[in-house]
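Heads up, entry_22.pdb below (PDB, C-alpha atoms, pLDDT in the B column):
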ATOM      1  CA  ALA E   1      -3.100 -25.530  -7.074  1.00 90.00           C
ATOM      2  CA  PHE E   2      -0.630 -22.942  -5.678  1.00 90.00           C
ATOM      3  CA  TRP E   3      -3.341 -20.327  -5.035  1.00 93.00           C
ATOM      4  CA  CYS E   4      -5.698 -22.909  -3.504  1.00 93.00           C
ATOM      5  CA  GLU E   5      -2.999 -23.868  -1.008  1.00 94.00           C
ATOM      6  CA  VAL E   6      -2.166 -20.241  -0.210  1.00 94.00           C
ATOM      7  CA  GLU E   7      -5.853 -19.408   0.302  1.00 93.00           C
ATOM      8  CA  ARG E   8      -6.194 -22.394   2.650  1.00 93.00           C
ATOM      9  CA  GLU E   9      -2.973 -21.683   4.623  1.00 92.00           C
ATOM     10  CA  GLY E  10      -3.133 -17.865   4.577  1.00 93.00           C
ATOM     11  CA  THR E  11      -0.404 -15.271   4.294  1.00 96.00           C
ATOM     12  CA  PRO E  12       2.154 -13.960   4.915  1.00 97.00           C
ATOM     13  CA  LEU E  13       4.307 -17.067   4.688  1.00 96.00           C
ATOM     14  CA  ALA E  14       6.998 -17.496   7.366  1.00 95.00           C
ATOM     15  CA  GLU E  15      10.005 -19.758   7.068  1.00 95.00           C
ATOM     16  CA  PRO E  16      13.179 -20.275   9.089  1.00 95.00           C
ATOM     17  CA  ILE E  17      16.572 -18.983   8.018  1.00 96.00           C
ATOM     18  CA  GLU E  18      19.339 -21.553   8.191  1.00 96.00           C
ATOM     19  CA  ASN E  19      21.841 -20.788  10.988  1.00 96.00           C
ATOM     20  CA  ASP E  20      19.752 -17.815  12.220  1.00 96.00           C
ATOM     21  CA  ASP E  21      17.727 -18.442  15.368  1.00 93.00           C
ATOM     22  CA  LYS E  22      16.616 -14.804  15.737  1.00 94.00           C
ATOM     23  CA  ASN E  23      14.997 -14.051  12.375  1.00 95.00           C
ATOM     24  CA  GLN E  24      12.587 -15.493   9.825  1.00 95.00           C
ATOM     25  CA  LEU E  25      11.885 -14.898   6.159  1.00 96.00           C
ATOM     26  CA  VAL E  26       8.398 -13.484   5.672  1.00 96.00           C
ATOM     27  CA  THR E  27       6.825 -13.556   2.216  1.00 97.00           C
ATOM     28  CA  PHE E  28       3.836 -11.432   1.212  1.00 97.00           C
ATOM     29  CA  LEU E  29       1.831 -12.554  -1.843  1.00 98.00           C
ATOM     30  CA  TRP E  30      -0.596 -10.916  -4.255  1.00 97.00           C
ATOM     31  CA  ARG E  31      -2.529 -12.492  -7.096  1.00 96.00           C
ATOM     32  CA  GLY E  32      -2.134 -10.061  -9.942  1.00 95.00           C
ATOM     33  CA  SER E  33      -4.210  -9.403 -13.031  1.00 94.00           C
ATOM     34  CA  PRO E  34      -3.197  -8.195 -16.501  1.00 93.00           C
ATOM     35  CA  VAL E  35      -3.467  -4.580 -15.258  1.00 95.00           C
ATOM     36  CA  THR E  36      -1.242  -5.038 -12.170  1.00 95.00           C
ATOM     37  CA  ARG E  37       1.839  -2.788 -12.521  1.00 95.00           C
ATOM     38  CA  ASN E  38       3.147  -3.044  -8.946  1.00 96.00           C
ATOM     39  CA  VAL E  39       2.097  -3.809  -5.375  1.00 97.00           C
ATOM     40  CA  LEU E  40       3.475  -1.894  -2.382  1.00 95.00           C
ATOM     41  CA  VAL E  41       3.580  -3.529   1.068  1.00 96.00           C
ATOM     42  CA  MET E  42       3.063  -0.988   3.859  1.00 92.00           C
ATOM     43  CA  GLY E  43       3.496  -2.220   7.398  1.00 89.00           C
ATOM     44  CA  SER E  44       4.330  -1.421  10.978  1.00 86.00           C
ATOM     45  CA  PHE E  45       7.452  -3.568  10.613  1.00 82.00           C
ATOM     46  CA  LYS E  46      10.831  -1.945   9.989  1.00 76.00           C
ATOM     47  CA  THR E  47      13.166  -3.023   7.220  1.00 75.00           C
ATOM     48  CA  ASP E  48      16.440  -1.538   6.095  1.00 75.00           C
ATOM     49  CA  GLY E  49      15.954   0.619   3.032  1.00 75.00           C
ATOM     50  CA  THR E  50      13.336   2.836   1.450  1.00 80.00           C
ATOM     51  CA  MET E  51       9.698   2.484   0.469  1.00 82.00           C
ATOM     52  CA  LEU E  52      10.803   1.156  -2.919  1.00 85.00           C
ATOM     53  CA  ASP E  53      12.372  -1.839  -1.145  1.00 88.00           C
ATOM     54  CA  ASN E  54       8.831  -2.848  -0.122  1.00 92.00           C
ATOM     55  CA  VAL E  55       7.525  -3.151  -3.688  1.00 95.00           C
ATOM     56  CA  MET E  56       6.586  -6.692  -4.686  1.00 96.00           C
ATOM     57  CA  HIS E  57       8.280  -8.498  -7.581  1.00 97.00           C
ATOM     58  CA  ARG E  58       6.425 -10.364 -10.305  1.00 96.00           C
ATOM     59  CA  LEU E  59       7.405 -14.004 -10.736  1.00 95.00           C
ATOM     60  CA  ALA E  60       8.269 -14.400 -14.451  1.00 92.00           C
ATOM     61  CA  ASP E  61       5.125 -14.434 -16.624  1.00 89.00           C
ATOM     62  CA  THR E  62       2.754 -15.519 -13.853  1.00 93.00           C
ATOM     63  CA  ASP E  63       0.081 -13.799 -11.775  1.00 94.00           C
ATOM     64  CA  VAL E  64       2.265 -14.244  -8.660  1.00 96.00           C
ATOM     65  CA  TRP E  65       3.624 -11.085  -7.038  1.00 97.00           C
ATOM     66  CA  TYR E  66       5.773 -11.472  -3.914  1.00 98.00           C
ATOM     67  CA  LEU E  67       8.004  -9.675  -1.438  1.00 97.00           C
ATOM     68  CA  THR E  68      10.245 -11.458   1.057  1.00 96.00           C
ATOM     69  CA  VAL E  69      11.668  -9.587   4.052  1.00 95.00           C
ATOM     70  CA  LYS E  70      13.721 -10.663   7.057  1.00 94.00           C
ATOM     71  CA  LEU E  71      11.929 -10.024  10.359  1.00 94.00           C
ATOM     72  CA  PRO E  72      12.516 -11.068  13.972  1.00 94.00           C
ATOM     73  CA  LYS E  73      11.020 -14.386  15.046  1.00 94.00           C
ATOM     74  CA  GLY E  74       7.750 -13.884  16.866  1.00 93.00           C
ATOM     75  CA  ALA E  75       7.084 -10.489  15.283  1.00 94.00           C
ATOM     76  CA  ARG E  76       3.539  -9.147  15.368  1.00 94.00           C
ATOM     77  CA  PHE E  77       2.600  -6.367  12.956  1.00 94.00           C
ATOM     78  CA  ALA E  78      -0.143  -4.710  10.933  1.00 94.00           C
ATOM     79  CA  TYR E  79       0.186  -4.208   7.200  1.00 95.00           C
ATOM     80  CA  ALA E  80      -1.717  -3.296   4.062  1.00 95.00           C
ATOM     81  CA  LEU E  81      -1.160  -3.735   0.336  1.00 96.00           C
ATOM     82  CA  SER E  82      -1.453  -1.052  -2.326  1.00 95.00           C
ATOM     83  CA  PRO E  83      -1.821  -2.422  -5.870  1.00 95.00           C
ATOM     84  CA  ASN E  84      -0.808  -0.092  -8.709  1.00 94.00           C
ATOM     85  CA  ASP E  85       0.649   2.287  -6.155  1.00 92.00           C
ATOM     86  CA  PRO E  86       1.965   5.660  -7.404  1.00 90.00           C
ATOM     87  CA  LEU E  87       5.235   4.911  -5.517  1.00 88.00           C
ATOM     88  CA  SER E  88       5.539   8.533  -4.461  1.00 81.00           C
ATOM     89  CA  ALA E  89       6.944   9.688  -1.142  1.00 74.00           C
ATOM     90  CA  ALA E  90       4.696  11.057   1.588  1.00 70.00           C
ATOM     91  CA  GLY E  91       3.444  14.524   0.751  1.00 71.00           C
ATOM     92  CA  GLN E  92       4.097  14.091  -2.977  1.00 75.00           C
ATOM     93  CA  PRO E  93       1.395  13.834  -5.671  1.00 74.00           C
ATOM     94  CA  GLY E  94      -0.167  10.383  -5.728  1.00 72.00           C
ATOM     95  CA  THR E  95      -0.414   9.732  -2.007  1.00 75.00           C
ATOM     96  CA  ASP E  96      -4.199  10.255  -2.188  1.00 77.00           C
ATOM     97  CA  GLN E  97      -4.314   7.396  -4.691  1.00 80.00           C
ATOM     98  CA  ARG E  98      -2.353   5.214  -2.250  1.00 82.00           C
ATOM     99  CA  MET E  99      -4.898   5.865   0.470  1.00 81.00           C
ATOM    100  CA  ALA E 100      -7.692   4.950  -1.981  1.00 83.00           C
ATOM    101  CA  THR E 101      -6.146   1.632  -3.089  1.00 87.00           C
ATOM    102  CA  ARG E 102      -4.563   0.579   0.228  1.00 91.00           C
ATOM    103  CA  GLN E 103      -6.304  -2.549   1.458  1.00 93.00           C
ATOM    104  CA  ALA E 104      -6.096  -5.545   3.729  1.00 94.00           C
ATOM    105  CA  ASP E 105      -4.401  -8.649   2.373  1.00 96.00           C
ATOM    106  CA  PRO E 106      -7.156 -10.771   0.775  1.00 94.00           C
ATOM    107  CA  LEU E 107      -5.135 -13.895   1.648  1.00 95.00           C
ATOM    108  CA  ASN E 108      -4.994 -13.071   5.390  1.00 94.00           C
ATOM    109  CA  PRO E 109      -8.262 -13.324   7.370  1.00 91.00           C
ATOM    110  CA  HIS E 110      -6.837 -11.539  10.446  1.00 90.00           C
ATOM    111  CA  ARG E 111      -7.876  -7.877  10.524  1.00 86.00           C
ATOM    112  CA  TRP E 112      -7.012  -4.870  12.649  1.00 82.00           C
ATOM    113  CA  GLY E 113      -8.184  -1.276  12.879  1.00 76.00           C
ATOM    114  CA  CYS E 114     -11.614  -1.892  11.391  1.00 76.00           C
ATOM    115  CA  PRO E 115     -14.397   0.489  12.339  1.00 68.00           C
ATOM    116  CA  PRO E 116     -17.161  -1.824  13.670  1.00 65.00           C
ATOM    117  CA  ALA E 117     -19.788  -0.663  11.170  1.00 67.00           C
ATOM    118  CA  GLU E 118     -17.474  -0.535   8.131  1.00 70.00           C
ATOM    119  CA  GLN E 119     -15.450  -3.733   7.931  1.00 72.00           C
ATOM    120  CA  THR E 120     -14.289  -3.743   4.320  1.00 75.00           C
ATOM    121  CA  ARG E 121     -10.908  -4.575   2.860  1.00 78.00           C
ATOM    122  CA  PHE E 122     -10.322  -0.834   2.399  1.00 82.00           C
ATOM    123  CA  THR E 123     -11.103   0.150   6.011  1.00 83.00           C
ATOM    124  CA  CYS E 124      -9.033  -2.609   7.655  1.00 88.00           C
ATOM    125  CA  GLN E 125      -5.405  -3.573   7.835  1.00 91.00           C
ATOM    126  CA  SER E 126      -4.137  -7.131   7.998  1.00 93.00           C
ATOM    127  CA  MET E 127      -2.597  -8.443  11.195  1.00 93.00           C
ATOM    128  CA  ALA E 128       0.287 -10.907  11.184  1.00 94.00           C
ATOM    129  CA  GLU E 129       1.643 -12.860  14.102  1.00 92.00           C
ATOM    130  CA  LEU E 130       4.720 -14.935  13.308  1.00 91.00           C
ATOM    131  CA  PRO E 131       5.456 -18.276  14.963  1.00 89.00           C
ATOM    132  CA  GLY E 132       6.989 -17.725  18.389  1.00 89.00           C
ATOM    133  CA  ALA E 133       5.057 -14.513  19.145  1.00 91.00           C
ATOM    134  CA  VAL E 134       4.611 -13.942  22.869  1.00 91.00           C
ATOM    135  CA  PRO E 135       1.000 -14.671  23.896  1.00 88.00           C
ATOM    136  CA  GLN E 136      -1.211 -11.662  24.677  1.00 88.00           C
ATOM    137  CA  PRO E 137      -3.933 -13.069  26.956  1.00 85.00           C
ATOM    138  CA  TRP E 138      -5.088  -9.580  27.958  1.00 82.00           C
ATOM    139  CA  ILE E 139      -6.487  -8.918  24.455  1.00 80.00           C
ATOM    140  CA  VAL E 140      -8.922 -11.855  24.614  1.00 80.00           C
ATOM    141  CA  PRO E 141     -12.405 -10.559  25.480  1.00 78.00           C
ATOM    142  CA  ASN E 142     -13.508 -11.397  29.010  1.00 83.00           C
ATOM    143  CA  PRO E 143     -17.271 -11.992  29.157  1.00 87.00           C
ATOM    144  CA  ALA E 144     -17.309 -10.763  32.782  1.00 87.00           C
ATOM    145  CA  THR E 145     -16.014  -7.324  31.733  1.00 85.00           C
ATOM    146  CA  PRO E 146     -18.531  -4.910  30.174  1.00 85.00           C
ATOM    147  CA  ALA E 147     -17.499  -3.934  26.654  1.00 82.00           C
ATOM    148  CA  GLY E 148     -16.563  -0.337  25.987  1.00 85.00           C
ATOM    149  CA  THR E 149     -16.266   1.431  22.653  1.00 86.00           C
ATOM    150  CA  VAL E 150     -13.384   2.223  20.302  1.00 84.00           C
ATOM    151  CA  GLU E 151     -13.252   5.610  18.632  1.00 86.00           C
ATOM    152  CA  THR E 152     -11.011   5.896  15.550  1.00 85.00           C
ATOM    153  CA  HIS E 153      -9.435   9.067  14.215  1.00 89.00           C
ATOM    154  CA  LYS E 154      -7.151  10.101  11.379  1.00 88.00           C
ATOM    155  CA  ILE E 155      -4.136  12.090  12.536  1.00 89.00           C
ATOM    156  CA  LYS E 156      -2.388  14.264   9.965  1.00 89.00           C
ATOM    157  CA  SER E 157       1.220  15.314  10.492  1.00 87.00           C
ATOM    158  CA  GLU E 158       2.430  18.372   8.644  1.00 87.00           C
ATOM    159  CA  ILE E 159       5.985  17.689   9.844  1.00 87.00           C
ATOM    160  CA  LEU E 160       6.070  14.057   8.652  1.00 80.00           C
ATOM    161  CA  LYS E 161       3.837  14.808   5.668  1.00 81.00           C
ATOM    162  CA  ASN E 162       1.659  11.771   6.313  1.00 83.00           C
ATOM    163  CA  GLU E 163      -1.525  10.562   7.927  1.00 84.00           C
ATOM    164  CA  GLY E 164      -2.027   7.790  10.456  1.00 84.00           C
ATOM    165  CA  ASP E 165      -4.738   6.044  12.423  1.00 83.00           C
ATOM    166  CA  LEU E 166      -5.375   6.569  16.123  1.00 86.00           C
ATOM    167  CA  SER E 167      -7.765   4.402  18.120  1.00 85.00           C
ATOM    168  CA  VAL E 168      -9.043   5.434  21.571  1.00 89.00           C
ATOM    169  CA  TYR E 169     -10.745   2.887  23.840  1.00 86.00           C
ATOM    170  CA  HIS E 170     -13.459   4.165  26.163  1.00 89.00           C
ATOM    171  CA  PRO E 171     -14.325   1.715  28.985  1.00 87.00           C
ATOM    172  CA  LYS E 172     -18.002   1.035  29.655  1.00 85.00           C
ATOM    173  CA  GLY E 173     -19.438   3.970  31.619  1.00 80.00           C
ATOM    174  CA  ASN E 174     -16.737   6.421  30.398  1.00 70.00           C
ATOM    175  CA  GLU E 175     -17.956   6.913  26.832  1.00 58.00           C
TER     176      GLU E 175
END
Starting from the file, lay out its structure as structure tokens.
Amino acid sequence: AFWCEVEREGTPLAEPIENDDKNQLVTFLWRGSPVTRNVLVMGSFKTDGTMLDNVMHRLADTDVWYLTVKLPKGARFAYALSPNDPLSAAGQPGTDQRMATRQADPLNPHRWGCPPAEQTRFTCQSMAELPGAVPQPWIVPNPATPAGTVETHKIKSEILKNEGDLSVYHPKGNE
């Protein structure tokens, strides 16, 4: 019954914090299997602490894995989940495995950063918009405006020892 409700409502879950009108508790969920060892939440949100603070916890002897973080009300962010992550720092052995297992949240239908021809859970990130997020009317497609194209690239940083996504929009006629 729990998983049916979560699948219907979607994730992450957001709830108020008593006596705190600026922040919310945000809970990420993962339905584990007998081979699940850990699940890392990677997102564009900032929390205090290290990568290891973003590792989900298993709820007793269940298949429920969760991570709750405190974020500003109305936050909007992209994130991905990495089951059985090597939990190694950027540039260390195992980061290739992270990139291979990193995926969109199967409990969140909102996607971001998907190449148009390759929309799989491994090519997309999940997008979260918490209650109170400021509207963004300029991102709604306008049928009167000709559609351009989006070109995606991987950017590798030797200094930061990581890799990130870069999307470039080309307006119609400037491709």
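Of the listed residues E:Glu129, E:Glu151, E:Glu5, E:Asp61, the one whose atoms come nearest to E:Ala75 is E:Glu129, with distances taken using all atoms listed in the file.
Taken over the whole file, the PyMOL selection byres ((chain E and resi 15) around 6) covers exactly Ala14, Pro16, Gln24 and Leu25 of chain E.
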With the PyMOL selection byres ((chain E and resi 58) around 10) as the selection, what would be picked from this file? Answer as a PyMOL selection string, please. chain E and resi 29-32+36-39+55-57+59-67
12 Å contact set for stretch 121-127 of chain E, only C-alpha atoms, chain neighbours under 2 positions out, as a count of residues only: 45
Stretch 20-23 of chain E surroundings by all atoms listed in the file, 9 Å radius, close-in-sequence under 5 positions cut, as a list in words: Lys70, Leu71, Pro72, Lys73 and Gly74 of chain E
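Atom CA of E:Asp85 to atom CA of E:Leu40 spans 6.3 Å [interatomic distance, one decimal].
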d(atom CA of E:Val140, atom CA of E:Pro171) in Å: 15.2 Å
